[in-house]
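Content type TSV, C-alpha atoms, from the file structure-v3.tsv:
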chain	number	residue	atom	x	y	z
W	1	MET	CA	0.00	0.00	0.00
W	2	HIS	CA	1.13	3.53	-0.78
W	3	TYR	CA	0.33	6.52	1.42
W	4	ARG	CA	-0.19	10.21	0.80
W	5	PRO	CA	-0.37	13.29	3.03
W	6	PHE	CA	-3.95	14.16	3.93
W	7	GLY	CA	-3.85	17.91	3.51
W	8	ALA	CA	-2.61	19.81	6.54
W	9	THR	CA	-3.78	17.23	9.09
W	10	GLY	CA	-0.42	15.52	9.51
W	11	TRP	CA	-2.04	12.22	8.59
W	12	ASN	CA	-0.65	9.91	5.92
W	13	VAL	CA	-3.50	7.89	4.44
W	14	SER	CA	-3.68	4.94	2.09
W	15	ASP	CA	-4.08	6.18	-1.47
W	16	VAL	CA	-6.71	3.47	-2.01
W	17	SER	CA	-8.96	3.76	1.00
W	18	PHE	CA	-12.36	2.21	1.79
W	19	GLY	CA	-15.75	3.68	0.95
W	20	ALA	CA	-18.34	2.20	3.29
W	21	TRP	CA	-21.58	3.26	1.62
W	22	ALA	CA	-22.20	-0.11	-0.01
W	23	ILE	CA	-21.87	-2.09	3.23
W	24	GLY	CA	-24.58	0.06	4.78
W	25	GLY	CA	-27.13	-0.42	2.05
W	26	SER	CA	-28.58	1.13	-1.12
W	27	TRP	CA	-26.47	-1.23	-3.24
W	28	GLY	CA	-28.65	-4.32	-3.16
W	29	THR	CA	-28.15	-7.29	-0.83
W	30	VAL	CA	-25.58	-6.80	1.91
W	31	ASP	CA	-24.14	-9.57	4.09
W	32	ASP	CA	-22.72	-8.19	7.33
W	33	ASP	CA	-20.25	-11.04	7.76
W	34	ALA	CA	-18.94	-10.54	4.22
W	35	SER	CA	-18.72	-6.80	4.89
W	36	ARG	CA	-16.65	-7.41	8.02
W	37	ARG	CA	-14.35	-9.71	6.09
W	38	ALA	CA	-13.96	-7.05	3.40
W	39	LEU	CA	-13.04	-4.43	6.00
W	40	HIS	CA	-10.56	-6.77	7.68
W	41	ARG	CA	-9.03	-7.58	4.30
W	42	ALA	CA	-8.65	-3.89	3.48
W	43	ILE	CA	-6.86	-3.24	6.78
W	44	ASP	CA	-4.71	-6.35	6.31
W	45	LEU	CA	-3.57	-4.84	3.02
W	46	GLY	CA	-2.70	-1.51	4.61
W	47	THR	CA	-5.87	0.56	4.29
W	48	ASN	CA	-5.91	3.12	7.10
W	49	PHE	CA	-8.76	5.45	6.06
W	50	ILE	CA	-12.45	4.51	6.02
W	51	ASP	CA	-15.25	6.80	4.89
W	52	THR	CA	-18.77	6.23	6.14
W	53	ALA	CA	-21.89	8.24	7.04
W	54	ASP	CA	-24.66	8.19	9.61
W	55	VAL	CA	-27.30	7.55	6.94
W	56	TYR	CA	-25.59	4.57	5.33
W	57	GLY	CA	-28.04	1.92	6.44
W	58	ASP	CA	-29.23	4.26	9.23
W	59	GLY	CA	-25.98	3.68	11.13
W	60	ARG	CA	-25.39	0.12	9.95
W	61	SER	CA	-22.19	1.06	8.14
W	62	GLU	CA	-20.79	2.96	11.13
W	63	ARG	CA	-21.54	0.05	13.46
W	64	LEU	CA	-19.86	-2.46	11.13
W	65	VAL	CA	-16.77	-0.28	11.03
W	66	ALA	CA	-16.78	-0.14	14.84
W	67	ASP	CA	-17.13	-3.94	15.05
W	68	VAL	CA	-14.05	-4.44	12.91
W	69	LEU	CA	-11.89	-1.77	14.53
W	70	ARG	CA	-12.53	-3.21	17.99
W	71	ALA	CA	-10.62	-6.26	16.83
W	72	ARG	CA	-7.72	-4.32	15.30
W	73	SER	CA	-4.72	-2.57	16.77
W	74	GLU	CA	-3.78	-0.50	13.70
W	75	ARG	CA	-4.40	3.25	13.59
W	76	VAL	CA	-7.26	3.64	11.15
W	77	TYR	CA	-8.72	7.07	10.48
W	78	VAL	CA	-12.52	7.08	10.25
W	79	ALA	CA	-14.46	9.82	8.49
W	80	THR	CA	-18.20	10.06	8.81
W	81	LYS	CA	-20.79	12.56	7.62
W	82	ALA	CA	-23.74	14.44	9.07
W	83	GLY	CA	-26.72	16.42	7.88
W	84	ARG	CA	-28.73	14.09	5.69
W	85	ARG	CA	-30.81	12.91	8.63
W	86	LEU	CA	-32.56	16.26	8.58
W	87	SER	CA	-36.18	16.07	7.46
W	88	PRO	CA	-36.78	18.28	5.66
W	89	HIS	CA	-33.20	18.59	4.50
W	90	THR	CA	-32.86	22.38	4.54
W	91	ALA	CA	-30.04	24.82	5.17
W	92	GLU	CA	-31.83	26.10	8.25
W	93	GLY	CA	-31.46	22.69	9.88
W	94	TYR	CA	-27.66	22.90	10.03
W	95	THR	CA	-27.59	24.23	13.58
W	96	LEU	CA	-25.14	23.51	16.37
W	97	GLU	CA	-27.85	21.64	18.27
W	98	ASN	CA	-28.67	19.36	15.34
W	99	LEU	CA	-25.06	18.78	14.34
W	100	ARG	CA	-24.12	17.96	17.93
W	101	ALA	CA	-26.94	15.41	18.10
W	102	PHE	CA	-25.86	13.81	14.83
W	103	VAL	CA	-22.24	13.66	15.93
W	104	ASP	CA	-23.14	12.14	19.28
W	105	ARG	CA	-25.11	9.42	17.52
W	106	SER	CA	-22.13	8.71	15.24
W	107	ARG	CA	-19.76	8.65	18.20
W	108	LYS	CA	-21.95	5.99	19.78
W	109	ASN	CA	-22.21	3.99	16.54
W	110	LEU	CA	-18.45	4.19	15.99
W	111	ALA	CA	-17.66	3.57	19.67
W	112	VAL	CA	-15.30	6.55	19.84
W	113	GLU	CA	-15.01	9.64	22.00
W	114	THR	CA	-13.80	11.78	19.13
W	115	VAL	CA	-14.65	11.44	15.44
W	116	ASP	CA	-11.48	11.78	13.36
W	117	LEU	CA	-13.15	13.63	10.50
W	118	LEU	CA	-16.71	14.91	10.32
W	119	GLN	CA	-17.98	15.98	6.92
W	120	LEU	CA	-21.07	17.96	6.06
W	121	HIS	CA	-22.98	15.52	3.89
W	122	CYS	CA	-23.80	17.32	0.64
W	123	PRO	CA	-25.88	20.02	2.30
W	124	PRO	CA	-27.94	22.63	0.42
W	125	THR	CA	-25.66	25.01	-1.44
W	126	ALA	CA	-26.39	27.91	0.92
W	127	VAL	CA	-24.72	26.05	3.80
W	128	TYR	CA	-21.26	26.41	2.28
W	129	SER	CA	-21.49	30.21	2.61
W	130	ASP	CA	-22.94	30.21	6.14
W	131	ALA	CA	-20.27	31.12	8.69
W	132	ARG	CA	-22.57	30.01	11.53
W	133	VAL	CA	-22.43	26.40	10.35
W	134	PHE	CA	-18.64	26.39	10.35
W	135	ASP	CA	-18.61	28.15	13.72
W	136	ALA	CA	-20.71	25.23	14.95
W	137	LEU	CA	-18.12	22.79	13.60
W	138	ASP	CA	-15.38	24.74	15.39
W	139	THR	CA	-17.42	24.40	18.58
W	140	LEU	CA	-17.74	20.64	18.14
W	141	ALA	CA	-13.97	20.44	17.69
W	142	HIS	CA	-13.41	22.57	20.79
W	143	GLU	CA	-15.72	20.25	22.73
W	144	GLY	CA	-13.61	17.26	21.67
W	145	ARG	CA	-16.44	15.62	19.75
W	146	ILE	CA	-14.58	15.86	16.44
W	147	LEU	CA	-10.90	16.20	15.57
W	148	ARG	CA	-11.18	17.70	12.08
W	149	TYR	CA	-13.96	18.68	9.74
W	150	GLY	CA	-14.53	18.80	6.02
W	151	VAL	CA	-17.27	18.88	3.42
W	152	SER	CA	-18.76	16.50	0.92
W	153	VAL	CA	-20.04	18.33	-2.15
W	154	GLU	CA	-22.03	17.83	-5.31
W	155	THR	CA	-20.53	20.70	-7.32
W	156	VAL	CA	-17.14	22.25	-7.98
W	157	ASP	CA	-18.55	25.66	-7.04
W	158	GLU	CA	-19.58	24.33	-3.61
W	159	ALA	CA	-16.09	22.93	-3.10
W	160	LEU	CA	-14.43	26.22	-4.01
W	161	THR	CA	-16.76	28.16	-1.72
W	162	ALA	CA	-15.93	25.87	1.19
W	163	ILE	CA	-12.16	26.13	0.89
W	164	THR	CA	-12.01	29.84	0.10
W	165	LYS	CA	-14.44	31.04	2.77
W	166	HIS	CA	-13.57	28.66	5.61
W	167	PRO	CA	-9.83	28.16	6.16
W	168	ARG	CA	-10.23	25.39	8.75
W	169	VAL	CA	-11.92	23.04	6.27
W	170	ALA	CA	-9.50	20.11	6.27
W	171	SER	CA	-10.91	18.11	3.39
W	172	VAL	CA	-13.28	18.05	0.47
W	173	GLN	CA	-14.96	14.91	-0.77
W	174	ILE	CA	-15.97	15.27	-4.41
W	175	ILE	CA	-17.02	13.04	-7.29
W	176	LEU	CA	-13.88	12.59	-9.37
W	177	ASN	CA	-13.57	9.89	-11.99
W	178	ALA	CA	-12.92	9.35	-15.68
W	179	LEU	CA	-16.52	10.41	-16.41
W	180	ARG	CA	-16.36	13.51	-14.19
W	181	LEU	CA	-13.34	15.67	-15.06
W	182	LYS	CA	-14.51	19.15	-14.11
W	183	PRO	CA	-12.73	19.11	-10.70
W	184	THR	CA	-9.40	18.85	-12.51
W	185	GLU	CA	-9.75	22.27	-14.15
W	186	VAL	CA	-9.60	24.65	-11.17
W	187	PHE	CA	-10.59	22.94	-7.95
W	188	LEU	CA	-7.76	20.42	-7.52
W	189	GLY	CA	-5.18	23.14	-8.01
W	190	GLU	CA	-6.85	25.39	-5.45
W	191	ALA	CA	-7.07	22.54	-2.94
W	192	LEU	CA	-3.40	21.73	-3.46
W	193	LYS	CA	-2.41	25.38	-3.04
W	194	ARG	CA	-4.38	25.60	0.21
W	195	ASN	CA	-3.20	22.20	1.47
W	196	VAL	CA	-6.75	20.85	1.65
W	197	ALA	CA	-7.14	17.08	1.38
W	198	VAL	CA	-9.22	15.77	-1.53
W	199	ILE	CA	-11.17	12.54	-1.22
W	200	ALA	CA	-12.18	11.23	-4.65
W	201	ARG	CA	-15.56	9.59	-4.24
W	202	VAL	CA	-17.63	7.54	-6.71
W	203	PRO	CA	-14.31	6.74	-8.44
W	204	LEU	CA	-15.83	3.81	-10.31
W	205	ALA	CA	-18.99	5.70	-11.37
W	206	SER	CA	-21.34	3.28	-9.59
W	207	GLY	CA	-19.63	0.30	-11.17
W	208	LEU	CA	-19.57	1.58	-14.76
W	209	LEU	CA	-15.80	1.98	-14.71
W	210	THR	CA	-15.23	-1.60	-13.63
W	211	GLY	CA	-16.18	-2.52	-17.20
W	212	LYS	CA	-18.37	-5.31	-15.87
W	213	LEU	CA	-21.77	-3.71	-16.49
W	214	SER	CA	-23.66	-3.76	-19.76
W	215	PRO	CA	-26.79	-2.10	-21.15
W	216	THR	CA	-28.74	-5.18	-20.07
W	217	SER	CA	-27.52	-5.10	-16.44
W	218	THR	CA	-30.30	-4.89	-13.85
W	219	PHE	CA	-30.19	-4.07	-10.15
W	220	PRO	CA	-32.40	-4.90	-7.15
W	221	SER	CA	-35.14	-2.49	-6.12
W	222	ASP	CA	-33.11	-1.44	-3.03
W	223	ASP	CA	-30.08	-0.50	-5.15
W	224	HIS	CA	-29.77	3.23	-5.89
W	225	ARG	CA	-28.86	2.31	-9.46
W	226	THR	CA	-32.54	1.38	-9.73
W	227	PHE	CA	-34.32	3.77	-7.39
W	228	ASN	CA	-32.21	6.86	-8.08
W	229	ARG	CA	-31.53	6.37	-11.77
W	230	PHE	CA	-33.12	9.74	-12.54
W	231	GLY	CA	-32.49	11.48	-9.22
W	232	GLU	CA	-35.72	10.41	-7.56
W	233	SER	CA	-34.21	10.09	-4.05
W	234	PHE	CA	-31.07	12.28	-4.06
W	235	ASP	CA	-28.83	14.06	-6.54
W	236	VAL	CA	-28.74	12.14	-9.80
W	237	GLY	CA	-25.01	12.81	-10.03
W	238	GLU	CA	-24.46	10.22	-7.29
W	239	THR	CA	-25.74	7.46	-9.58
W	240	PHE	CA	-23.58	6.60	-12.60
W	241	SER	CA	-22.03	10.06	-12.10
W	242	GLY	CA	-25.14	11.52	-13.71
W	243	VAL	CA	-24.16	10.35	-17.21
W	244	PRO	CA	-27.06	9.04	-19.31
W	245	LEU	CA	-26.36	5.35	-19.66
W	246	GLU	CA	-26.22	5.19	-23.46
W	247	PHE	CA	-23.37	7.70	-23.45
W	248	ALA	CA	-21.75	6.19	-20.36
W	249	PHE	CA	-21.44	2.78	-22.00
W	250	GLU	CA	-20.11	4.40	-25.17
W	251	ALA	CA	-17.43	6.10	-23.08
W	252	VAL	CA	-16.50	2.93	-21.21
W	253	GLU	CA	-16.07	1.00	-24.44
W	254	ALA	CA	-13.92	3.79	-25.84
W	255	LEU	CA	-11.67	3.63	-22.77
W	256	ARG	CA	-11.01	-0.12	-22.84
W	257	SER	CA	-8.16	0.17	-25.32
W	258	ALA	CA	-6.33	2.56	-22.96
W	259	VAL	CA	-6.17	0.07	-20.08
W	260	PRO	CA	-2.55	-1.10	-19.66
W	261	SER	CA	-1.76	-4.78	-19.82
W	262	GLY	CA	-2.03	-6.47	-16.43
W	263	MET	CA	-4.38	-3.82	-15.02
W	264	SER	CA	-8.10	-4.33	-14.53
W	265	MET	CA	-10.42	-1.63	-15.77
W	266	ALA	CA	-11.35	-0.78	-12.19
W	267	GLN	CA	-7.66	-0.35	-11.36
W	268	PHE	CA	-7.29	1.83	-14.46
W	269	ALA	CA	-10.12	4.05	-13.24
W	270	LEU	CA	-8.66	4.34	-9.75
W	271	ALA	CA	-5.20	5.00	-11.18
W	272	TRP	CA	-6.67	7.82	-13.28
W	273	ALA	CA	-8.01	9.54	-10.15
W	274	LEU	CA	-4.72	8.97	-8.32
W	275	SER	CA	-2.85	10.49	-11.25
W	276	GLN	CA	-4.55	13.85	-10.72
W	277	PRO	CA	-2.35	16.29	-8.75
W	278	GLY	CA	-4.12	17.11	-5.50
W	279	THR	CA	-5.92	13.80	-4.99
W	280	SER	CA	-5.26	12.51	-1.46
W	281	CYS	CA	-7.11	9.20	-1.74
W	282	VAL	CA	-9.83	7.35	-3.58
W	283	ILE	CA	-12.64	5.60	-1.71
W	284	PRO	CA	-14.07	2.79	-3.85
W	285	GLY	CA	-16.69	0.68	-2.18
W	286	ALA	CA	-16.33	-3.04	-1.59
W	287	LYS	CA	-18.69	-5.68	-0.25
W	288	THR	CA	-16.31	-8.63	-0.69
W	289	GLU	CA	-12.68	-9.46	-0.12
W	290	GLN	CA	-12.24	-9.98	-3.86
W	291	GLN	CA	-13.41	-6.45	-4.58
W	292	VAL	CA	-10.99	-5.14	-1.96
W	293	ASP	CA	-8.12	-7.03	-3.59
W	294	ASP	CA	-8.91	-5.58	-7.01
W	295	ASN	CA	-9.23	-2.05	-5.65
W	296	VAL	CA	-6.03	-2.17	-3.61
W	297	GLY	CA	-4.21	-3.42	-6.70
W	298	ALA	CA	-4.38	0.18	-7.93
W	299	SER	CA	-2.31	1.51	-5.03
W	300	GLY	CA	0.75	3.39	-6.20
W	301	LYS	CA	-0.29	3.21	-9.84
W	302	THR	CA	-0.54	6.23	-12.10
W	303	LEU	CA	-1.13	6.53	-15.83
W	304	ASP	CA	1.13	7.77	-18.57
W	305	ALA	CA	0.43	10.82	-20.70
W	306	SER	CA	-1.17	8.86	-23.54
W	307	ALA	CA	-3.68	7.16	-21.24
W	308	LEU	CA	-4.53	10.46	-19.56
W	309	ALA	CA	-5.01	12.06	-22.96
W	310	ARG	CA	-7.32	9.23	-24.00
W	311	VAL	CA	-9.52	9.77	-20.95
W	312	ARG	CA	-9.69	13.49	-21.69
W	313	ALA	CA	-10.57	12.91	-25.33
W	314	VAL	CA	-13.36	10.45	-24.51
W	315	TYR	CA	-14.72	12.81	-21.88
W	316	ASP	CA	-14.70	15.78	-24.23
W	317	HIS	CA	-16.31	13.95	-27.13
W	318	VAL	CA	-18.84	11.73	-25.34
W	319	VAL	CA	-19.48	12.80	-21.75
W	320	ARG	CA	-18.86	16.53	-21.35
W	321	PRO	CA	-22.15	17.80	-22.87
W	322	HIS	CA	-24.15	15.80	-20.32
W	323	VAL	CA	-22.38	16.58	-17.04
W	324	HIS	CA	-19.86	19.41	-17.25
W	325	HIS	CA	-22.32	22.28	-16.85
W	326	ARG	CA	-24.26	20.59	-14.05
W	327	TRP	CA	-21.67	19.75	-11.41
Starting from the file, give its structure as structure tokens.
Amino acid sequence: MHYRPFGATGWNVSDVSFGAWAIGGSWGTVDDDASRRALHRAIDLGTNFIDTADVYGDGRSERLVADVLRARSERVYVATKAGRRLSPHTAEGYTLENLRAFVDRSRKNLAVETVDLLQLHCPPTAVYSDARVFDALDTLAHEGRILRYGVSVETVDEALTAITKHPRVASVQIILNALRLKPTEVFLGEALKRNVAVIARVPLASGLLTGKLSPTSTFPSDDHRTFNRFGESFDVGETFSGVPLEFAFEAVEALRSAVPSGMSMAQFALAWALSQPGTSCVIPGAKTEQQVDDNVGASGKTLDASALARVRAVYDHVVRPHVHHRW
């Protein structure tokens, strides 16, 4: 496993880390024992950063992470998220009282006194400009409930607002993959300049960039690739990176020839994200040990100029018109 500095935190985190959304739910059938084995396998291979959220399975993901870490002695940094439990999910709900309650619930689920990294979980856009929300996060840090805080965003503009207006934002989690290149234009450079960690989420575009899906693939009713295909439950950009599937599959097929020999397509996709200056880590999901093995196989890998140019060309010709202006 290879490690990278995590912004200004002083942490060195595994470049291929663990995204724990899938083990909580919304990705079809989940087996808790298999999820525990996947987490153990990731740590065995050197993973030391896990990203979860309080709404992943209504705390199921956080509790599974806690179960595994109780049995481990390694230092593993755990990031969770807060805010999406609000109903209605409005900017006005991001108060100190509500955030404290969410954090306390996560502390209990994770069996920790202090959360390593708390992230605002894709809040309404107005939240990123609200100094009171970030004052509340400073208060939670002062109280010892959280160690650091960051934001998870839907758009590049939200990310730029967060890091330019609030200097104590330690990290930004943003969708960054071979079908979502907009963050590479301005944001990654700004984050690097400000020493803000960047967590590349949805790096496999909901499985598209594994190369294992086809236009005839189907998903269970409790998989967001079914119930959020058109943004019915949350931002459509979270599902297949918001790319209409006919164009997404065209792009994936066009990328196959750029995959180096001996590298899986999933590893190619992760290596692309890790090749972008400013990326601290990628957080692919995994529900099995085999998926962990494939993901971790991308650690330390980057792509040459010709492969990077191929990704850019496919994006510009096939994908850009459908996503670039939206996120």
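Considering only C-alpha atoms, the residue among W:Val112, W:Ala126, W:Ala101, W:Val296 positioned nearest to Ser14 (chain W) is W:Val296.
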Two-atom distance - CA of Arg63 (chain W), CA of Arg107 (chain W) (Å) | 10.0 Å
Give me the box for region 259-268 of chain W as AutoDock Vina command-line options, namely the centre and edge lengths in Å to one decimal of a box along x, y and z that holds every listed atom plus 6 Å on each side.
--center_x -6.6 --center_y -2.3 --center_z -15.7 --size_x 21.6 --size_y 20.3 --size_z 20.7
Please, which residues are within 10 Å of (-4.0, 20.4, 7.6) by the file's coordinates, counting all atoms listed in the file, and could they come as a ChimeraX atom specification?
-> /W:5-11,148,167-171,194-197
Could the residues in this selection be saved with C-alpha atoms as a tab-separated table (two decimals), in the frame of the given file?
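And here's part.tsv as it stands now:
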chain	number	residue	atom	x	y	z
W	5	PRO	CA	-0.37	13.29	3.03
W	6	PHE	CA	-3.95	14.16	3.93
W	7	GLY	CA	-3.85	17.91	3.51
W	8	ALA	CA	-2.61	19.81	6.54
W	9	THR	CA	-3.78	17.23	9.09
W	10	GLY	CA	-0.42	15.52	9.51
W	11	TRP	CA	-2.04	12.22	8.59
W	148	ARG	CA	-11.18	17.70	12.08
W	167	PRO	CA	-9.83	28.16	6.16
W	168	ARG	CA	-10.23	25.39	8.75
W	169	VAL	CA	-11.92	23.04	6.27
W	170	ALA	CA	-9.50	20.11	6.27
W	171	SER	CA	-10.91	18.11	3.39
W	194	ARG	CA	-4.38	25.60	0.21
W	195	ASN	CA	-3.20	22.20	1.47
W	196	VAL	CA	-6.75	20.85	1.65
W	197	ALA	CA	-7.14	17.08	1.38
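Distances from W:Val323, W:Ala266, W:Val30, W:Leu86 to Gly242 (chain W) were compared using only C-alpha atoms, and the smallest one belongs to W:Val323.
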Selection: 12 Å around Asp294 (chain W), only C-alpha atoms, excl. self and same-chain fewer than 6 positions, as a list in words = Val16, Ala38, Arg41, Ala42, Leu45, Thr210, Gly262, Met263, Ser264, Met265, Ala266, Gln267, Phe268, Ala269, Leu270, Ala271, Pro284, Gly285, Ala286, Lys287 and Thr288 of chain W
Fewer than 6 positions away in the same chain doesn't count, so skip those; otherwise give me all residues within 9 Å of Arg310 (chain W), counting all atoms listed in the file, as a PyMOL selection string.
-> chain W and resi 254-255+258
Could you tell me, as JSON, numbers by chain, which residues have any atom at most 12 Å from (-24.7, 7.2, -19.4), counting only C-alpha atoms?
-> {"W": [179, 180, 205, 206, 207, 208, 209, 213, 214, 215, 225, 229, 230, 236, 237, 239, 240, 241, 242, 243, 244, 245, 246, 247, 248, 249, 250, 251, 252, 253, 315, 318, 319, 320, 321, 322, 323]}
Dump of C-alpha atoms for the selected residues, as a PDB file, in the frame of the given file:
ATOM      1  CA  LEU W 179     -16.520  10.410 -16.410  1.00  0.00           C
ATOM      2  CA  ARG W 180     -16.360  13.510 -14.190  1.00  0.00           C
ATOM      3  CA  ALA W 205     -18.990   5.700 -11.370  1.00  0.00           C
ATOM      4  CA  SER W 206     -21.340   3.280  -9.590  1.00  0.00           C
ATOM      5  CA  GLY W 207     -19.630   0.300 -11.170  1.00  0.00           C
ATOM      6  CA  LEU W 208     -19.570   1.580 -14.760  1.00  0.00           C
ATOM      7  CA  LEU W 209     -15.800   1.980 -14.710  1.00  0.00           C
ATOM      8  CA  LEU W 213     -21.770  -3.710 -16.490  1.00  0.00           C
ATOM      9  CA  SER W 214     -23.660  -3.760 -19.760  1.00  0.00           C
ATOM     10  CA  PRO W 215     -26.790  -2.100 -21.150  1.00  0.00           C
ATOM     11  CA  ARG W 225     -28.860   2.310  -9.460  1.00  0.00           C
ATOM     12  CA  ARG W 229     -31.530   6.370 -11.770  1.00  0.00           C
ATOM     13  CA  PHE W 230     -33.120   9.740 -12.540  1.00  0.00           C
ATOM     14  CA  VAL W 236     -28.740  12.140  -9.800  1.00  0.00           C
ATOM     15  CA  GLY W 237     -25.010  12.810 -10.030  1.00  0.00           C
ATOM     16  CA  THR W 239     -25.740   7.460  -9.580  1.00  0.00           C
ATOM     17  CA  PHE W 240     -23.580   6.600 -12.600  1.00  0.00           C
ATOM     18  CA  SER W 241     -22.030  10.060 -12.100  1.00  0.00           C
ATOM     19  CA  GLY W 242     -25.140  11.520 -13.710  1.00  0.00           C
ATOM     20  CA  VAL W 243     -24.160  10.350 -17.210  1.00  0.00           C
ATOM     21  CA  PRO W 244     -27.060   9.040 -19.310  1.00  0.00           C
ATOM     22  CA  LEU W 245     -26.360   5.350 -19.660  1.00  0.00           C
ATOM     23  CA  GLU W 246     -26.220   5.190 -23.460  1.00  0.00           C
ATOM     24  CA  PHE W 247     -23.370   7.700 -23.450  1.00  0.00           C
ATOM     25  CA  ALA W 248     -21.750   6.190 -20.360  1.00  0.00           C
ATOM     26  CA  PHE W 249     -21.440   2.780 -22.000  1.00  0.00           C
ATOM     27  CA  GLU W 250     -20.110   4.400 -25.170  1.00  0.00           C
ATOM     28  CA  ALA W 251     -17.430   6.100 -23.080  1.00  0.00           C
ATOM     29  CA  VAL W 252     -16.500   2.930 -21.210  1.00  0.00           C
ATOM     30  CA  GLU W 253     -16.070   1.000 -24.440  1.00  0.00           C
ATOM     31  CA  TYR W 315     -14.720  12.810 -21.880  1.00  0.00           C
ATOM     32  CA  VAL W 318     -18.840  11.730 -25.340  1.00  0.00           C
ATOM     33  CA  VAL W 319     -19.480  12.800 -21.750  1.00  0.00           C
ATOM     34  CA  ARG W 320     -18.860  16.530 -21.350  1.00  0.00           C
ATOM     35  CA  PRO W 321     -22.150  17.800 -22.870  1.00  0.00           C
ATOM     36  CA  HIS W 322     -24.150  15.800 -20.320  1.00  0.00           C
ATOM     37  CA  VAL W 323     -22.380  16.580 -17.040  1.00  0.00           C
TER      38      VAL W 323
END
Which neighbours of Arg70 (chain W) fall inside 12 Å, counting only C-alpha atoms, when residues of the same chain fewer than 6 positions from it are skipped, and could you give them as a ChimeraX atom specification?
-> /W:36,40,63-64,76,110-112
Atomic separation - CA of Val151 (chain W) relative to CA of Arg201 (chain W), Å = 12.2 Å
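Closest approach to Pro203 (chain W) among W:Leu99, W:Leu176, W:Leu274, W:Arg256: W:Leu176, based on only C-alpha atoms.
As for CA of Val103 (chain W) and CA of Asp58 (chain W), they are spaced 13.5 Å apart.
The closest residue to Trp21 (chain W), picked from W:Ser299, W:Asn109, W:Asn48, W:Ser61 and counting only C-alpha atoms, is W:Ser61.
Using all atoms listed in the file, the shortest contact distance between Val198 (chain W) and any of W:Thr139, W:Thr184, W:Ser106, W:Thr226 is found at W:Thr184.
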